[in-house]
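Notes for the one structure printed next.
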Amino acid sequence: MAARLTVSPPPSEFPVQRRATLTFRATRRLLRGVGRGLFQVEVRGLENLEPGRGYVIVANHLQWIDAFAVVAGLPAQPRIHVFGDLLGVPVWAVRLVRRVGGVIPVDRRDGRSAAVLEHAEHCLQVGGSLLIFPEGRCNETEGAAGDFHKGFAHFALHTGTPVLPVGLHGTRELWLRKRLTVTVGTPLPVTGHTAETLAVAGRDAVLALLPEHADRGGRRLLARQLTRLF
């Protein structure tokens with residue numbers, strides 16, 4: 001049985017930065033190769049990104065693979081840091097996420113602690129990007145998204161960082177060679193928004209990127225193993 005992480009390490013163990021190190025680039029390249037070997041991955045909308053710009057990235061959340069898909073699909077730099085709960089996640093997976101895109105650990109028992117919030121805002125201030133799944137949990141329905149919590153909006157407003165909507169499709173159920181789509185939308189400026197209006201605008205922007213879901217049937221090789229990998 002894999003060892004499990006039961007506590008969130010202090011922020012000092014999870015540094016944030018803008019620069020993509022050589023180790024990060026090599027690990028990310030390996031991740032992209034494995035992903036393309038298992039699935040058919042399509043990334044759309046990269047032309048919407050301003051080169052070198054950090055963002056608060058918001059996406060719908062369907063499955064364990066989502067963070068890997070976003071980090072592998074977007075440019076290597078600025079480095080993406082995943083804002084999420086690590087409790088119960090295998091240690092090897094935590095280490096991989098840290099290498100590939102960085103991580104800002106959140107303990108759901110104290111998710112609003114000052115240290116966590118300062119850690120996230122510092123990531124944006126040094127030029128990194130922050131990936132958040134504002135639904136707070138996996139959605140069971142392709143093409144849909146639950147209400148977005150306002151945390152990402154506060155980070156964006158406090159630092160003046162644009163919000164980047166990303167739509168994920170095909171990741172709820174996984175099988176060998178399934179088509180997965182990562183769609184990057186137009187960044188949302190924070191000017192004129194409150195946390196409440198920005199949360200709604202972010203959700204609407206993500207939903208607009210999701211195609212109507214259709215089950216095409218066919219063989220689903222390794223579906224159980226890949227879907228339940230975590």
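In the structure tokens, each chain is lettered A, B, ... as it comes, each chain's residues begin at 1, and ligands are numbered from 1 in order of appearance.
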Compile a residue-level contact table for stretch 6-58 of chain A against stretch 127-142 of chain A at a cut-off of 10 Å, reporting for every qualifying residue the shortest atom pair and its distance in Å to one decimal, with only C-alpha atoms counted, rows ordered by chain and ascending number, as a Markdown table.
| residue | atom | partner | partner_atom | distance |
| --- | --- | --- | --- | --- |
| A:Val16 | CA | A:Gly128 | CA | 7.1 |
| A:Gln17 | CA | A:Gly128 | CA | 5.6 |
| A:Arg18 | CA | A:Gly128 | CA | 4.3 |
| A:Arg19 | CA | A:Gly128 | CA | 7.8 |
| A:Ala20 | CA | A:Gly128 | CA | 9.7 |
| A:Gly52 | CA | A:Gly127 | CA | 8.5 |
| A:Arg53 | CA | A:Gly127 | CA | 7.3 |
| A:Gly54 | CA | A:Ser129 | CA | 4.6 |
| A:Tyr55 | CA | A:Ser129 | CA | 4.8 |
| A:Val56 | CA | A:Leu130 | CA | 4.9 |
| A:Ile57 | CA | A:Leu131 | CA | 4.6 |
| A:Val58 | CA | A:Ile132 | CA | 5.2 |
So which residues of stretch 49-197 of chain A fall under helix (DSSP H, G or I) by DSSP, listed as JSON, numbers by chain?
{"A": [66, 67, 68, 69, 70, 71, 72, 73, 91, 92, 93, 94, 95, 96, 97, 98, 99, 100, 101, 108, 109, 110, 114, 115, 116, 117, 118, 119, 120, 121, 122, 123, 124, 125, 151, 152, 153, 154, 155, 156, 157, 158, 159, 195, 196, 197]}
Residues from the last selection, C-alpha atoms, saved as an mmCIF file, in the first residue's frame:
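Result file is part-v9.cif:
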data_model
loop_
_atom_site.group_PDB
_atom_site.id
_atom_site.type_symbol
_atom_site.label_atom_id
_atom_site.label_comp_id
_atom_site.auth_asym_id
_atom_site.auth_seq_id
_atom_site.Cartn_x
_atom_site.Cartn_y
_atom_site.Cartn_z
ATOM 1 C CA ASP A 66 -7.100 17.397 -14.291
ATOM 2 C CA ALA A 67 -4.143 19.159 -12.672
ATOM 3 C CA PHE A 68 -1.665 17.125 -14.713
ATOM 4 C CA ALA A 69 -3.573 17.935 -17.923
ATOM 5 C CA VAL A 70 -3.520 21.685 -17.289
ATOM 6 C CA VAL A 71 0.127 21.819 -16.226
ATOM 7 C CA ALA A 72 1.244 19.685 -19.171
ATOM 8 C CA GLY A 73 -0.948 21.529 -21.665
ATOM 9 C CA VAL A 91 3.442 10.710 -1.374
ATOM 10 C CA TRP A 92 4.821 9.816 -4.825
ATOM 11 C CA ALA A 93 1.977 11.783 -6.443
ATOM 12 C CA VAL A 94 2.625 14.812 -4.224
ATOM 13 C CA ARG A 95 6.275 14.753 -5.218
ATOM 14 C CA LEU A 96 5.398 14.480 -8.894
ATOM 15 C CA VAL A 97 2.938 17.388 -8.780
ATOM 16 C CA ARG A 98 5.516 19.444 -6.935
ATOM 17 C CA ARG A 99 8.143 18.772 -9.604
ATOM 18 C CA VAL A 100 5.815 19.298 -12.530
ATOM 19 C CA GLY A 101 3.952 22.404 -11.468
ATOM 20 C CA ARG A 108 -9.353 21.659 4.518
ATOM 21 C CA ARG A 109 -9.511 21.843 8.298
ATOM 22 C CA ASP A 110 -7.776 25.230 8.142
ATOM 23 C CA ALA A 114 -3.159 33.387 6.932
ATOM 24 C CA ALA A 115 -0.055 31.400 5.985
ATOM 25 C CA VAL A 116 -1.859 29.593 3.140
ATOM 26 C CA LEU A 117 -3.351 32.803 1.772
ATOM 27 C CA GLU A 118 -0.020 34.613 1.931
ATOM 28 C CA HIS A 119 1.671 31.665 0.231
ATOM 29 C CA ALA A 120 -0.807 31.791 -2.672
ATOM 30 C CA GLU A 121 -0.570 35.551 -3.089
ATOM 31 C CA HIS A 122 3.226 35.436 -2.924
ATOM 32 C CA CYS A 123 3.154 32.965 -5.833
ATOM 33 C CA LEU A 124 1.357 35.542 -7.965
ATOM 34 C CA GLN A 125 3.506 38.443 -6.764
ATOM 35 C CA GLY A 151 -11.175 32.213 -3.041
ATOM 36 C CA PHE A 152 -9.618 32.508 -6.491
ATOM 37 C CA ALA A 153 -11.330 35.853 -7.001
ATOM 38 C CA HIS A 154 -9.811 37.262 -3.807
ATOM 39 C CA PHE A 155 -6.325 36.185 -4.929
ATOM 40 C CA ALA A 156 -6.835 37.791 -8.329
ATOM 41 C CA LEU A 157 -8.232 41.021 -6.920
ATOM 42 C CA HIS A 158 -5.594 41.401 -4.195
ATOM 43 C CA THR A 159 -2.732 41.009 -6.683
ATOM 44 C CA ALA A 195 -15.124 38.830 -5.510
ATOM 45 C CA GLU A 196 -18.757 37.824 -6.036
ATOM 46 C CA THR A 197 -19.028 39.056 -9.623
#
Running DSSP on the backbone, which parts of stretch 21-209 of chain A land in strand (DSSP E), as a ChimeraX atom specification?
/A:40-44,56-59,80-85,103-106,129-132,163-169,179-184
Output C-alpha atoms for every residue in the selection just made, as a short mmCIF file (atom, residue, chain, number, x, y, z; two decimals), in the first residue's frame.
data_model
loop_
_atom_site.label_atom_id
_atom_site.label_comp_id
_atom_site.auth_asym_id
_atom_site.auth_seq_id
_atom_site.Cartn_x
_atom_site.Cartn_y
_atom_site.Cartn_z
CA GLN A 40 -5.42 11.47 -27.21
CA VAL A 41 -4.77 14.92 -25.75
CA GLU A 42 -5.80 18.09 -27.57
CA VAL A 43 -4.96 21.57 -26.28
CA ARG A 44 -6.85 24.52 -27.74
CA VAL A 56 -5.02 32.78 -11.67
CA ILE A 57 -6.11 29.70 -13.64
CA VAL A 58 -9.60 28.34 -12.93
CA ALA A 59 -10.94 25.09 -14.37
CA ILE A 80 2.08 26.73 -12.51
CA HIS A 81 1.43 26.00 -8.82
CA VAL A 82 -1.54 23.83 -7.90
CA PHE A 83 -3.62 25.11 -4.98
CA GLY A 84 -5.22 22.08 -3.40
CA ASP A 85 -5.77 19.59 -0.61
CA VAL A 103 1.97 22.97 -5.19
CA ILE A 104 0.48 25.14 -2.46
CA PRO A 105 -0.95 22.68 0.07
CA VAL A 106 -4.32 23.34 1.66
CA SER A 129 0.63 31.17 -11.99
CA LEU A 130 -1.88 29.64 -9.60
CA LEU A 131 -4.19 26.77 -10.62
CA ILE A 132 -7.40 26.46 -8.61
CA VAL A 163 -8.17 35.13 -14.33
CA LEU A 164 -7.60 32.48 -17.00
CA PRO A 165 -10.57 30.15 -17.62
CA VAL A 166 -9.76 26.59 -18.74
CA GLY A 167 -12.34 24.02 -19.78
CA LEU A 168 -11.61 20.31 -19.33
CA HIS A 169 -13.54 17.71 -21.28
CA ARG A 179 -9.75 11.90 -26.29
CA LEU A 180 -9.13 14.55 -23.63
CA THR A 181 -9.51 18.24 -24.41
CA VAL A 182 -7.96 21.23 -22.61
CA THR A 183 -9.44 24.51 -23.86
CA VAL A 184 -7.91 27.83 -22.83
#
Using only C-alpha atoms, find the one residue out of A:Glu212, A:Glu173, A:Gly218, A:Lys150 that sits nearest to A:Leu198.
A:Lys150
